[in-house]
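For reference, final39.cif (mmCIF, C-alpha atoms):
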data_model
#
loop_
_atom_site.label_atom_id
_atom_site.label_comp_id
_atom_site.auth_asym_id
_atom_site.auth_seq_id
_atom_site.Cartn_x
_atom_site.Cartn_y
_atom_site.Cartn_z
CA ASN A 1098 18.03 -15.76 29.17
CA LYS A 1099 18.04 -17.31 32.66
CA LEU A 1100 15.58 -14.72 33.94
CA TYR A 1101 13.06 -14.69 31.10
CA SER A 1102 13.64 -17.81 28.95
CA PRO A 1103 12.78 -15.99 25.70
CA GLY A 1104 11.86 -17.83 22.53
CA ALA A 1105 14.57 -15.90 20.72
CA ILE A 1106 17.05 -13.07 21.15
CA PHE A 1107 17.40 -10.70 18.19
CA VAL A 1108 20.71 -8.87 17.82
CA TYR A 1109 20.39 -5.69 15.76
CA ALA A 1110 23.53 -4.20 14.22
CA THR A 1111 23.69 -0.42 14.60
CA CYS A 1112 25.93 1.96 12.68
CA VAL A 1113 28.74 1.66 15.24
CA SER A 1114 29.02 -2.13 15.00
CA GLY A 1115 28.82 -1.86 11.22
CA VAL A 1116 31.62 0.71 11.00
CA ILE A 1117 34.02 -1.20 13.26
CA GLY A 1118 33.23 -4.47 11.51
CA ASP A 1119 31.64 -6.57 14.26
CA ASP A 1120 30.82 -10.05 13.00
CA ILE A 1121 27.40 -10.27 14.61
CA LYS A 1122 26.60 -13.52 12.82
CA ALA A 1123 29.55 -15.27 14.44
CA VAL A 1124 28.83 -13.66 17.81
CA SER A 1125 25.16 -14.68 17.61
CA LYS A 1126 26.09 -18.26 16.76
CA LYS A 1127 28.46 -18.42 19.74
CA ALA A 1128 25.85 -16.87 22.04
CA GLU A 1129 23.31 -19.45 20.85
CA GLU A 1130 25.68 -22.25 21.86
CA ILE A 1131 26.20 -20.71 25.29
CA THR A 1132 22.58 -19.84 26.08
CA GLY A 1133 20.74 -22.65 24.29
CA CYS A 1134 18.35 -20.00 22.94
CA ARG A 1135 17.86 -18.83 19.38
CA VAL A 1136 20.11 -15.80 18.84
CA ILE A 1137 19.27 -14.14 15.55
CA PRO A 1138 21.47 -11.50 13.85
CA VAL A 1139 19.78 -8.63 12.03
CA GLN A 1140 22.12 -6.65 9.73
CA SER A 1141 20.35 -3.32 10.15
CA GLU A 1142 23.12 -0.69 10.04
CA GLY A 1143 21.37 2.57 9.26
CA PHE A 1144 24.10 3.99 7.01
CA GLN A 1145 23.50 1.36 4.31
CA ASP A 1146 20.86 3.51 2.53
CA HIS A 1147 18.11 1.84 4.53
CA ASN A 1148 14.81 3.66 4.70
CA LYS A 1149 11.98 2.47 6.92
CA THR A 1150 10.62 -0.03 4.39
CA LYS A 1151 14.04 -1.55 3.69
CA GLY A 1152 14.53 -1.91 7.43
CA HIS A 1153 11.33 -3.94 7.57
CA TRP A 1154 12.60 -6.11 4.73
CA ILE A 1155 15.81 -6.82 6.64
CA GLY A 1156 13.74 -7.88 9.64
CA GLY A 1157 11.66 -10.11 7.36
CA ASP A 1158 14.82 -11.70 5.96
CA ALA A 1159 15.95 -12.51 9.51
CA LEU A 1160 12.69 -14.36 10.13
CA LEU A 1161 12.93 -16.17 6.81
CA ASP A 1162 16.57 -17.20 7.29
CA TYR A 1163 16.58 -18.10 10.98
CA VAL A 1164 13.01 -18.77 12.17
CA ILE A 1165 10.45 -19.74 9.53
CA GLY A 1166 10.79 -23.39 8.55
CA THR A 1167 12.76 -24.46 11.62
CA LYS A 1168 9.96 -26.33 13.39
CA GLU A 1169 7.27 -28.75 12.19
CA PRO A 1170 3.72 -28.43 13.54
CA GLU A 1171 2.32 -31.33 15.56
CA LYS A 1172 -0.76 -31.34 13.35
CA THR A 1173 -2.01 -29.61 10.24
CA THR A 1174 -5.45 -28.94 8.75
CA PRO A 1175 -6.64 -28.21 5.21
CA PHE A 1176 -7.35 -24.61 6.30
CA ASP A 1177 -4.06 -23.49 7.86
CA ILE A 1178 -3.15 -19.82 7.37
CA ASN A 1179 -0.67 -17.19 8.51
CA ILE A 1180 -1.68 -13.58 9.11
CA VAL A 1181 1.22 -11.52 7.76
CA GLY A 1182 1.60 -7.83 8.62
CA GLU A 1183 -0.81 -7.77 11.55
CA PHE A 1184 0.87 -6.28 14.63
CA ASN A 1185 -2.09 -6.32 17.03
CA VAL A 1186 -2.05 -2.56 17.52
CA ALA A 1187 -4.48 -1.78 20.36
CA GLY A 1188 -5.79 -5.35 20.10
CA ASP A 1189 -6.80 -5.31 16.40
CA LEU A 1190 -5.88 -8.99 16.04
CA TRP A 1191 -8.40 -9.90 18.73
CA GLY A 1192 -11.13 -8.47 16.51
CA ILE A 1193 -9.93 -10.43 13.47
CA LYS A 1194 -9.03 -13.80 15.01
CA PRO A 1195 -12.54 -14.76 16.25
CA LEU A 1196 -14.00 -14.10 12.78
CA LEU A 1197 -11.45 -16.36 11.10
CA GLU A 1198 -11.84 -19.08 13.71
CA GLU A 1199 -15.64 -18.99 13.35
CA MET A 1200 -15.18 -19.47 9.60
CA GLY A 1201 -13.23 -22.66 10.36
CA VAL A 1202 -9.76 -21.34 9.55
CA ASN A 1203 -6.76 -22.47 11.62
CA ILE A 1204 -4.23 -19.71 12.31
CA ILE A 1205 -0.70 -21.10 12.54
CA SER A 1206 1.02 -17.77 13.21
CA THR A 1207 0.62 -14.04 13.13
CA ILE A 1208 3.66 -12.20 11.84
CA SER A 1209 4.27 -10.59 14.16
CA GLY A 1210 1.55 -9.42 16.57
CA ASP A 1211 0.61 -11.50 19.62
CA SER A 1212 2.64 -14.42 18.31
CA HIS A 1213 5.40 -16.71 19.54
CA VAL A 1214 8.67 -17.61 17.88
CA ASP A 1215 7.69 -21.31 17.85
CA GLU A 1216 4.49 -20.44 15.98
CA ILE A 1217 6.34 -18.35 13.39
CA ALA A 1218 8.84 -21.23 13.02
CA GLN A 1219 5.95 -23.40 11.78
CA ALA A 1220 4.63 -20.78 9.34
CA HIS A 1221 6.03 -22.63 6.30
CA ARG A 1222 3.24 -25.24 6.59
CA ALA A 1223 0.37 -22.81 5.98
CA LYS A 1224 -1.84 -23.27 2.93
CA LEU A 1225 -2.39 -19.51 2.58
CA ASN A 1226 -0.90 -16.23 3.75
CA ILE A 1227 -3.28 -13.33 4.25
CA VAL A 1228 -1.48 -9.98 4.16
CA GLN A 1229 -2.99 -7.21 6.28
CA CYS A 1230 -0.33 -4.46 6.12
CA GLN A 1231 0.34 -4.39 2.40
CA LYS A 1232 3.61 -2.54 2.30
CA SER A 1233 6.70 -4.20 3.74
CA SER A 1234 4.71 -7.35 4.56
CA ASN A 1235 4.20 -8.08 0.88
CA TYR A 1236 7.94 -8.71 0.77
CA VAL A 1237 7.70 -11.53 3.35
CA ALA A 1238 4.65 -13.06 1.67
CA GLU A 1239 6.32 -13.01 -1.76
CA LYS A 1240 9.46 -14.64 -0.37
CA MET A 1241 7.39 -17.34 1.33
CA GLU A 1242 5.56 -18.01 -1.91
CA LYS A 1243 8.86 -18.49 -3.75
CA ARG A 1244 10.48 -20.55 -1.01
CA TYR A 1245 7.54 -22.65 0.20
CA GLY A 1246 4.90 -22.30 -2.51
CA ILE A 1247 2.42 -20.59 -0.18
CA PRO A 1248 0.03 -18.32 -2.11
CA PHE A 1249 -1.08 -15.05 -0.55
CA ILE A 1250 -4.02 -12.69 -0.81
CA LYS A 1251 -4.24 -9.10 0.36
CA VAL A 1252 -6.87 -8.38 3.00
CA ASN A 1253 -8.06 -5.41 5.01
CA PHE A 1254 -10.18 -5.63 8.15
CA PHE A 1255 -10.70 -1.90 8.62
CA GLY A 1256 -14.23 -0.93 7.65
CA LEU A 1257 -17.32 -2.97 6.92
CA LYS A 1258 -17.00 -3.52 3.18
CA GLN A 1259 -13.31 -4.32 3.40
CA THR A 1260 -13.87 -6.78 6.26
CA ILE A 1261 -16.65 -8.51 4.33
CA ASN A 1262 -14.60 -8.71 1.13
CA SER A 1263 -11.62 -10.13 3.03
CA LEU A 1264 -13.67 -12.85 4.75
CA ARG A 1265 -15.28 -13.86 1.47
CA GLU A 1266 -11.96 -13.97 -0.38
CA ILE A 1267 -10.50 -16.29 2.23
CA ALA A 1268 -13.54 -18.57 2.10
CA ASP A 1269 -13.51 -18.56 -1.70
CA PHE A 1270 -9.81 -19.47 -1.72
CA PHE A 1271 -10.47 -22.67 0.20
CA GLY A 1272 -13.71 -23.35 -1.69
CA ASP A 1273 -15.28 -25.29 1.17
CA GLU A 1274 -19.09 -25.03 1.03
CA ASP A 1275 -19.53 -25.27 4.80
CA MET A 1276 -16.97 -22.52 5.32
CA ILE A 1277 -18.62 -20.29 2.73
CA GLU A 1278 -22.00 -20.78 4.43
CA ARG A 1279 -20.59 -20.04 7.90
CA THR A 1280 -18.88 -16.95 6.54
CA GLU A 1281 -22.10 -15.54 5.12
CA GLU A 1282 -23.88 -16.18 8.41
CA LEU A 1283 -21.27 -14.36 10.48
CA ILE A 1284 -21.24 -11.46 7.99
CA GLU A 1285 -25.01 -11.09 8.27
CA ARG A 1286 -24.87 -11.22 12.06
CA GLY A 1287 -21.94 -8.81 12.25
CA LEU A 1288 -23.59 -6.24 9.98
CA GLU A 1289 -26.83 -6.35 11.94
CA GLU A 1290 -25.01 -5.69 15.22
CA VAL A 1291 -22.93 -2.85 13.75
CA GLN A 1292 -25.82 -0.99 12.13
CA ASP A 1293 -27.79 -0.94 15.39
CA GLU A 1294 -24.78 0.36 17.32
CA ILE A 1295 -23.54 3.10 14.95
CA HIS A 1296 -26.84 4.67 13.81
CA GLU A 1297 -26.58 7.56 16.26
CA TYR A 1298 -22.94 8.24 15.34
CA LYS A 1299 -23.69 8.28 11.60
CA GLU A 1300 -26.43 10.85 12.12
CA ARG A 1301 -23.96 13.28 13.69
CA LEU A 1302 -21.05 12.52 11.34
CA LYS A 1303 -22.93 12.68 8.04
CA GLY A 1304 -21.37 15.23 5.71
CA LYS A 1305 -18.39 16.00 7.96
CA THR A 1306 -14.99 16.27 6.27
CA VAL A 1307 -11.80 14.45 7.22
CA ALA A 1308 -8.14 14.88 6.24
CA LEU A 1309 -5.81 11.86 6.32
CA TYR A 1310 -2.04 12.22 6.69
CA VAL A 1311 -0.90 8.77 7.72
CA GLY A 1312 1.28 5.78 6.82
CA GLY A 1313 1.11 4.69 3.17
CA ASN A 1314 -1.29 1.79 3.71
CA LYS A 1315 -3.71 3.79 5.87
CA ALA A 1316 -3.83 6.68 3.37
CA TRP A 1317 -6.09 4.58 1.18
CA SER A 1318 -7.38 1.80 3.45
CA LEU A 1319 -9.10 4.26 5.82
CA VAL A 1320 -10.99 6.07 3.06
CA ARG A 1321 -13.88 3.57 2.79
CA PRO A 1322 -14.48 3.29 6.56
CA PHE A 1323 -14.96 7.05 6.80
CA GLU A 1324 -17.28 7.02 3.81
CA GLU A 1325 -19.29 4.27 5.52
CA LEU A 1326 -19.85 6.73 8.37
CA GLY A 1327 -21.17 9.26 5.86
CA MET A 1328 -18.03 11.42 6.00
CA ASP A 1329 -16.15 13.01 3.12
CA VAL A 1330 -12.39 12.38 2.82
CA MET A 1331 -11.31 15.72 1.36
CA MET A 1332 -7.54 15.10 1.68
CA SER A 1333 -5.29 12.06 1.86
CA GLY A 1334 -1.53 11.82 1.92
CA THR A 1335 1.50 10.18 3.42
CA LYS A 1336 5.05 11.04 4.40
CA ASN A 1337 6.75 7.73 3.62
CA GLY A 1338 4.53 6.25 0.90
CA MET A 1339 5.73 4.38 -2.16
CA LYS A 1340 4.55 4.83 -5.74
CA GLU A 1341 1.95 2.09 -5.41
CA ASP A 1342 0.52 3.78 -2.30
CA TYR A 1343 -0.26 6.92 -4.28
CA GLU A 1344 -1.76 4.86 -7.07
CA ARG A 1345 -4.05 3.16 -4.53
CA ILE A 1346 -4.98 6.53 -3.02
CA LYS A 1347 -5.87 7.90 -6.45
CA ASP A 1348 -7.97 4.83 -7.27
CA THR A 1349 -9.80 4.99 -3.93
CA VAL A 1350 -10.66 8.66 -3.35
CA ARG A 1351 -13.33 10.61 -5.17
CA ASP A 1352 -12.49 13.19 -7.86
CA GLY A 1353 -11.36 16.49 -6.39
CA THR A 1354 -9.70 15.01 -3.31
CA ILE A 1355 -6.40 16.66 -2.38
CA ILE A 1356 -3.51 14.15 -2.47
CA VAL A 1357 -0.49 15.20 -0.40
CA ASP A 1358 3.05 13.87 -0.73
CA ASP A 1359 5.63 14.32 2.04
CA ALA A 1360 4.30 17.62 3.40
CA ASN A 1361 6.35 19.33 6.09
CA SER A 1362 4.72 20.88 9.17
CA THR A 1363 4.37 24.33 7.61
CA GLU A 1364 2.78 22.98 4.42
CA LEU A 1365 0.39 20.79 6.36
CA ALA A 1366 -0.63 23.68 8.61
CA ARG A 1367 -1.36 25.85 5.56
CA LEU A 1368 -3.53 23.15 4.01
CA LEU A 1369 -5.50 22.61 7.21
CA LYS A 1370 -5.94 26.34 7.74
CA LYS A 1371 -7.18 26.82 4.17
CA TYR A 1372 -9.63 23.90 4.01
CA HIS A 1373 -10.37 23.45 7.73
CA PRO A 1374 -11.71 19.86 7.77
CA ASN A 1375 -13.88 18.64 10.62
CA LEU A 1376 -11.31 16.01 11.60
CA VAL A 1377 -7.61 15.27 11.09
CA ILE A 1378 -6.26 11.72 11.21
CA SER A 1379 -2.50 11.53 11.61
CA GLY A 1380 0.33 10.71 13.99
CA ALA A 1381 1.55 12.31 17.19
CA LYS A 1382 3.75 14.88 15.41
CA GLU A 1383 0.77 16.43 13.63
CA LYS A 1384 -1.55 16.38 16.65
CA TYR A 1385 -0.72 19.85 17.96
CA ILE A 1386 -0.78 21.46 14.52
CA SER A 1387 -4.38 20.32 14.24
CA LEU A 1388 -5.43 21.22 17.78
CA LYS A 1389 -3.85 24.70 17.61
CA LEU A 1390 -5.99 25.35 14.53
CA GLY A 1391 -9.09 24.26 16.44
CA ILE A 1392 -9.55 21.06 14.41
CA PRO A 1393 -10.47 17.77 16.14
CA PHE A 1394 -7.80 15.10 15.91
CA CYS A 1395 -7.55 11.30 16.13
CA ASP A 1396 -4.31 9.33 16.30
CA PHE A 1397 -4.48 6.12 14.25
CA ASN A 1398 -0.84 5.15 14.67
CA HIS A 1399 0.74 2.54 16.94
CA ASP A 1400 0.04 4.42 20.17
CA ARG A 1401 -3.75 4.44 19.81
CA ILE A 1402 -5.65 2.55 22.50
CA SER A 1403 -8.81 1.44 20.67
CA ALA A 1404 -9.01 -1.57 18.33
CA PHE A 1405 -10.67 -0.78 14.99
CA ALA A 1406 -10.48 -4.08 13.09
CA GLY A 1407 -13.48 -6.26 12.26
CA PHE A 1408 -17.15 -5.61 12.99
CA LYS A 1409 -16.76 -4.80 16.68
CA GLY A 1410 -13.73 -2.69 15.86
CA PHE A 1411 -15.82 -0.62 13.45
CA ILE A 1412 -18.18 0.24 16.31
CA SER A 1413 -15.20 1.46 18.36
CA PHE A 1414 -13.97 3.37 15.29
CA ALA A 1415 -17.32 5.15 14.88
CA LYS A 1416 -17.50 5.93 18.60
CA GLU A 1417 -14.00 7.42 18.73
CA VAL A 1418 -14.44 9.50 15.57
CA ASP A 1419 -17.76 10.85 16.85
CA ALA A 1420 -16.24 11.66 20.24
CA ALA A 1421 -13.60 13.81 18.53
CA VAL A 1422 -15.78 15.52 15.93
CA SER A 1423 -18.78 16.12 18.20
CA SER A 1424 -16.81 17.28 21.25
CA PRO A 1425 -18.26 20.56 22.56
CA ALA A 1426 -14.73 21.65 23.50
CA PHE A 1427 -14.11 22.80 19.94
CA ASP A 1428 -17.05 25.23 20.08
CA PHE A 1429 -15.14 27.08 22.80
CA VAL A 1430 -11.88 26.81 20.82
CA HIS A 1431 -13.47 28.34 17.72
CA THR A 1432 -14.94 31.18 19.79
CA SER A 1433 -11.55 31.88 21.36
CA LEU A 1434 -9.78 31.81 17.99
CA LYS A 1435 -12.25 34.29 16.51
CA GLU A 1436 -11.83 36.65 19.47
CA ASN A 1437 -8.06 36.59 19.07
CA THR A 1438 -8.04 37.30 15.32
#

Mind converting the file's structure to structure tokens?
Amino acid sequence: NKLYSPGAIFVYATCVSGVIGDDIKAVSKKAEEITGCRVIPVQSEGFQDHNKTKGHWIGGDALLDYVIGTKEPEKTTPFDINIVGEFNVAGDLWGIKPLLEEMGVNIISTISGDSHVDEIAQAHRAKLNIVQCQKSSNYVAEKMEKRYGIPFIKVNFFGLKQTINSLREIADFFGDEDMIERTEELIERGLEEVQDEIHEYKERLKGKTVALYVGGNKAWSLVRPFEELGMDVMMSGTKNGMKEDYERIKDTVRDGTIIVDDANSTELARLLKKYHPNLVISGAKEKYISLKLGIPFCDFNHDRISAFAGFKGFISFAKEVDAAVSSPAFDFVHTSLKENT
């Protein structure tokens, strides 16, 4: 605390502290008195039947119980919002934030990417929550609606159509004519810039096939962006999806698309070998399965380095997909594989 002066210290209970009965709430309270810093307990013992989503809910409860609502903003506007479920992976938030600010929206906090504890503490004064990651973040938004009366809408800033729909929904929520007009102007300008930049990529990617095996939200939210590049999503699936994720996948993909549920490495390899898509989108664990089969691969998880959100993000998205699919390296790989079979 003396070295870094953090806005808060989060204390996470592991299995060991849970088994021996550590009272981390009491310890955190005492530590807060000693340090003068927020010390927030998170009861996250893994043995309590907690899957990944439930773990996120526990983290959300910690924010709701110990952070949100503990500080009043110095000023408010009629257009205050929180961005819930945006984690600024590879700088995605920096592609979304300028669009919202140009609309005339005031962002109180982002939960939890590129944000400060003091900002999240003021989140209870927002007029609207926009929910980007629509899985565990829905839980926080629903709790805030019950506790503070803040309505929420689900948004998605990956892909052109989804970005446009999200901007318009936010503007329509506030119903301000000037905001609606500004929104349409920035949409028109954004589209014009994107189309000029991605024309060459679309020409090369048209008709190429892609297989998605990603987190629940991405398994359906990435379908439209690939279609906007002229590609065909021939498979989509997830390892940790919930029932509603598969319903969204089914509603989003075209008829005949393969939907995969919790495939292990062997099953995934068999599918890729049988259908041999032009591109695989997944996480680091699946990368080498794809590359060993001579299939281009892109990692869209938290360790990617390119931002894909918003209009400028879509240009980066098209560029990175094209770089993978059109790489001449795979011509040599295919030749080598044929010679060895």

Next on the checklist: Neighbouring residues of Ile1402 of chain A were defined as those with any atom within 9 Å, considering all atoms listed in the file; residues of the same chain fewer than 3 positions away were excluded. Please report them as a list of chain:residue names.
Outcome noted: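 Everything that qualifies: A:Val1186, A:Ala1187, A:Gly1188, A:His1399.
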
Checklist entry - Between atom CA of Asp1400 of chain A and atom CA of Val1422 of chain A, what is the spacing in Å? => result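 Atom CA of Val1422 of chain A sits 19.8 Å away from atom CA of Asp1400 of chain A.
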
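If you look at atom CA of Ala1421 of chain A and atom CA of Asp1293 of chain A, they are 20.7 Å away from each other.
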
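Among the candidates A:Lys1336, A:Lys1099, A:Lys1371, A:Lys1258, the residue lying nearest to Gly1312 of chain A is A:Lys1336 (atoms considered: all atoms listed in the file).
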
Checklist entry - So which one's closest to Lys1409 of chain A, A:Trp1154, A:Phe1107, A:Phe1254, A:Tyr1101? Using only C-alpha atoms, please. => result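 For Lys1409 of chain A, the nearest of the given residues is A:Phe1254.
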
Next on the checklist: Can you measure atom CA of Ser1263 of chain A to atom CA of Asn1235 of chain A for me? One decimal in Å is fine.
Outcome noted: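 Distance between the two atoms: 16.1 Å.
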
Checklist entry - Using only C-alpha atoms, which residues sit within 10 Å of Lys1315 of chain A once same-chain residues fewer than 4 positions away are excluded, as a ChimeraX atom specification? => result /A:1230-1231,1255,1309-1311,1319-1320,1333-1335,1338,1342,1346,1378-1379,1397-1398

Could you turn the residues from that selection into a file that holds C-alpha atoms, as a PDB file, in the coordinates of the input?
ATOM      1  CA  CYS A1230      -0.330  -4.460   6.120  1.00  0.00           C
ATOM      2  CA  GLN A1231       0.340  -4.390   2.400  1.00  0.00           C
ATOM      3  CA  PHE A1255     -10.700  -1.900   8.620  1.00  0.00           C
ATOM      4  CA  LEU A1309      -5.810  11.860   6.320  1.00  0.00           C
ATOM      5  CA  TYR A1310      -2.040  12.220   6.690  1.00  0.00           C
ATOM      6  CA  VAL A1311      -0.900   8.770   7.720  1.00  0.00           C
ATOM      7  CA  LEU A1319      -9.100   4.260   5.820  1.00  0.00           C
ATOM      8  CA  VAL A1320     -10.990   6.070   3.060  1.00  0.00           C
ATOM      9  CA  SER A1333      -5.290  12.060   1.860  1.00  0.00           C
ATOM     10  CA  GLY A1334      -1.530  11.820   1.920  1.00  0.00           C
ATOM     11  CA  THR A1335       1.500  10.180   3.420  1.00  0.00           C
ATOM     12  CA  GLY A1338       4.530   6.250   0.900  1.00  0.00           C
ATOM     13  CA  ASP A1342       0.520   3.780  -2.300  1.00  0.00           C
ATOM     14  CA  ILE A1346      -4.980   6.530  -3.020  1.00  0.00           C
ATOM     15  CA  ILE A1378      -6.260  11.720  11.210  1.00  0.00           C
ATOM     16  CA  SER A1379      -2.500  11.530  11.610  1.00  0.00           C
ATOM     17  CA  PHE A1397      -4.480   6.120  14.250  1.00  0.00           C
ATOM     18  CA  ASN A1398      -0.840   5.150  14.670  1.00  0.00           C
TER      19      ASN A1398
END

I'd like the residues picked by the PyMOL selection byres ((chain A and resi 1355) around 6) written out as a short mmCIF file (atom, residue, chain, number, x, y, z; two decimals) with C-alpha atoms, in the coordinates of the input, using the chain letters and numbers from the file.
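File part.cif, as written:
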data_model
loop_
_atom_site.label_atom_id
_atom_site.label_comp_id
_atom_site.auth_asym_id
_atom_site.auth_seq_id
_atom_site.Cartn_x
_atom_site.Cartn_y
_atom_site.Cartn_z
CA MET A 1332 -7.54 15.10 1.68
CA THR A 1354 -9.70 15.01 -3.31
CA ILE A 1356 -3.51 14.15 -2.47
#

Can you sort out segment 1282-1306 of chain A so it carries N, CA and C atoms, written as a PDB file, in the frame of the given file?
ATOM      1  N   GLU A1282     -23.080 -16.318   7.192  1.00  0.00           N
ATOM      2  CA  GLU A1282     -23.880 -16.180   8.410  1.00  0.00           C
ATOM      3  C   GLU A1282     -23.237 -15.189   9.384  1.00  0.00           C
ATOM      4  N   LEU A1283     -21.923 -15.277   9.541  1.00  0.00           N
ATOM      5  CA  LEU A1283     -21.270 -14.360  10.480  1.00  0.00           C
ATOM      6  C   LEU A1283     -21.239 -12.943   9.932  1.00  0.00           C
ATOM      7  N   ILE A1284     -21.178 -12.789   8.602  1.00  0.00           N
ATOM      8  CA  ILE A1284     -21.240 -11.460   7.990  1.00  0.00           C
ATOM      9  C   ILE A1284     -22.604 -10.822   8.255  1.00  0.00           C
ATOM     10  N   GLU A1285     -23.652 -11.596   8.054  1.00  0.00           N
ATOM     11  CA  GLU A1285     -25.010 -11.090   8.270  1.00  0.00           C
ATOM     12  C   GLU A1285     -25.210 -10.676   9.727  1.00  0.00           C
ATOM     13  N   ARG A1286     -24.731 -11.500  10.636  1.00  0.00           N
ATOM     14  CA  ARG A1286     -24.870 -11.220  12.060  1.00  0.00           C
ATOM     15  C   ARG A1286     -24.027 -10.002  12.458  1.00  0.00           C
ATOM     16  N   GLY A1287     -22.819  -9.924  11.929  1.00  0.00           N
ATOM     17  CA  GLY A1287     -21.940  -8.810  12.250  1.00  0.00           C
ATOM     18  C   GLY A1287     -22.493  -7.480  11.763  1.00  0.00           C
ATOM     19  N   LEU A1288     -23.024  -7.466  10.542  1.00  0.00           N
ATOM     20  CA  LEU A1288     -23.590  -6.240   9.980  1.00  0.00           C
ATOM     21  C   LEU A1288     -24.793  -5.764  10.783  1.00  0.00           C
ATOM     22  N   GLU A1289     -25.628  -6.707  11.178  1.00  0.00           N
ATOM     23  CA  GLU A1289     -26.830  -6.350  11.940  1.00  0.00           C
ATOM     24  C   GLU A1289     -26.446  -5.693  13.267  1.00  0.00           C
ATOM     25  N   GLU A1290     -25.450  -6.249  13.938  1.00  0.00           N
ATOM     26  CA  GLU A1290     -25.010  -5.690  15.220  1.00  0.00           C
ATOM     27  C   GLU A1290     -24.408  -4.303  15.033  1.00  0.00           C
ATOM     28  N   VAL A1291     -23.605  -4.137  13.985  1.00  0.00           N
ATOM     29  CA  VAL A1291     -22.930  -2.850  13.750  1.00  0.00           C
ATOM     30  C   VAL A1291     -23.939  -1.754  13.445  1.00  0.00           C
ATOM     31  N   GLN A1292     -24.874  -2.026  12.547  1.00  0.00           N
ATOM     32  CA  GLN A1292     -25.820  -0.990  12.130  1.00  0.00           C
ATOM     33  C   GLN A1292     -26.641  -0.475  13.306  1.00  0.00           C
ATOM     34  N   ASP A1293     -27.032  -1.360  14.198  1.00  0.00           N
ATOM     35  CA  ASP A1293     -27.790  -0.940  15.390  1.00  0.00           C
ATOM     36  C   ASP A1293     -26.954  -0.038  16.282  1.00  0.00           C
ATOM     37  N   GLU A1294     -25.657  -0.349  16.386  1.00  0.00           N
ATOM     38  CA  GLU A1294     -24.780   0.360  17.320  1.00  0.00           C
ATOM     39  C   GLU A1294     -24.323   1.723  16.800  1.00  0.00           C
ATOM     40  N   ILE A1295     -24.160   1.871  15.477  1.00  0.00           N
ATOM     41  CA  ILE A1295     -23.540   3.100  14.950  1.00  0.00           C
ATOM     42  C   ILE A1295     -24.538   4.102  14.376  1.00  0.00           C
ATOM     43  N   HIS A1296     -25.837   3.788  14.423  1.00  0.00           N
ATOM     44  CA  HIS A1296     -26.840   4.670  13.810  1.00  0.00           C
ATOM     45  C   HIS A1296     -26.734   6.096  14.336  1.00  0.00           C
ATOM     46  N   GLU A1297     -26.639   6.234  15.653  1.00  0.00           N
ATOM     47  CA  GLU A1297     -26.580   7.560  16.260  1.00  0.00           C
ATOM     48  C   GLU A1297     -25.323   8.312  15.837  1.00  0.00           C
ATOM     49  N   TYR A1298     -24.192   7.598  15.752  1.00  0.00           N
ATOM     50  CA  TYR A1298     -22.940   8.240  15.340  1.00  0.00           C
ATOM     51  C   TYR A1298     -23.027   8.733  13.902  1.00  0.00           C
ATOM     52  N   LYS A1299     -23.580   7.916  13.016  1.00  0.00           N
ATOM     53  CA  LYS A1299     -23.690   8.280  11.600  1.00  0.00           C
ATOM     54  C   LYS A1299     -24.536   9.535  11.413  1.00  0.00           C
ATOM     55  N   GLU A1300     -25.563   9.674  12.222  1.00  0.00           N
ATOM     56  CA  GLU A1300     -26.430  10.850  12.120  1.00  0.00           C
ATOM     57  C   GLU A1300     -25.634  12.130  12.378  1.00  0.00           C
ATOM     58  N   ARG A1301     -24.739  12.088  13.357  1.00  0.00           N
ATOM     59  CA  ARG A1301     -23.960  13.280  13.690  1.00  0.00           C
ATOM     60  C   ARG A1301     -22.796  13.502  12.739  1.00  0.00           C
ATOM     61  N   LEU A1302     -22.251  12.421  12.173  1.00  0.00           N
ATOM     62  CA  LEU A1302     -21.050  12.520  11.340  1.00  0.00           C
ATOM     63  C   LEU A1302     -21.349  12.755   9.858  1.00  0.00           C
ATOM     64  N   LYS A1303     -22.572  12.572   9.456  1.00  0.00           N
ATOM     65  CA  LYS A1303     -22.930  12.680   8.040  1.00  0.00           C
ATOM     66  C   LYS A1303     -22.536  14.050   7.479  1.00  0.00           C
ATOM     67  N   GLY A1304     -21.766  14.011   6.383  1.00  0.00           N
ATOM     68  CA  GLY A1304     -21.370  15.230   5.710  1.00  0.00           C
ATOM     69  C   GLY A1304     -20.123  15.909   6.272  1.00  0.00           C
ATOM     70  N   LYS A1305     -19.594  15.411   7.382  1.00  0.00           N
ATOM     71  CA  LYS A1305     -18.390  16.000   7.960  1.00  0.00           C
ATOM     72  C   LYS A1305     -17.176  15.626   7.100  1.00  0.00           C
ATOM     73  N   THR A1306     -16.177  16.499   7.091  1.00  0.00           N
ATOM     74  CA  THR A1306     -14.990  16.270   6.270  1.00  0.00           C
ATOM     75  C   THR A1306     -13.822  15.790   7.122  1.00  0.00           C
TER      76      THR A1306
END
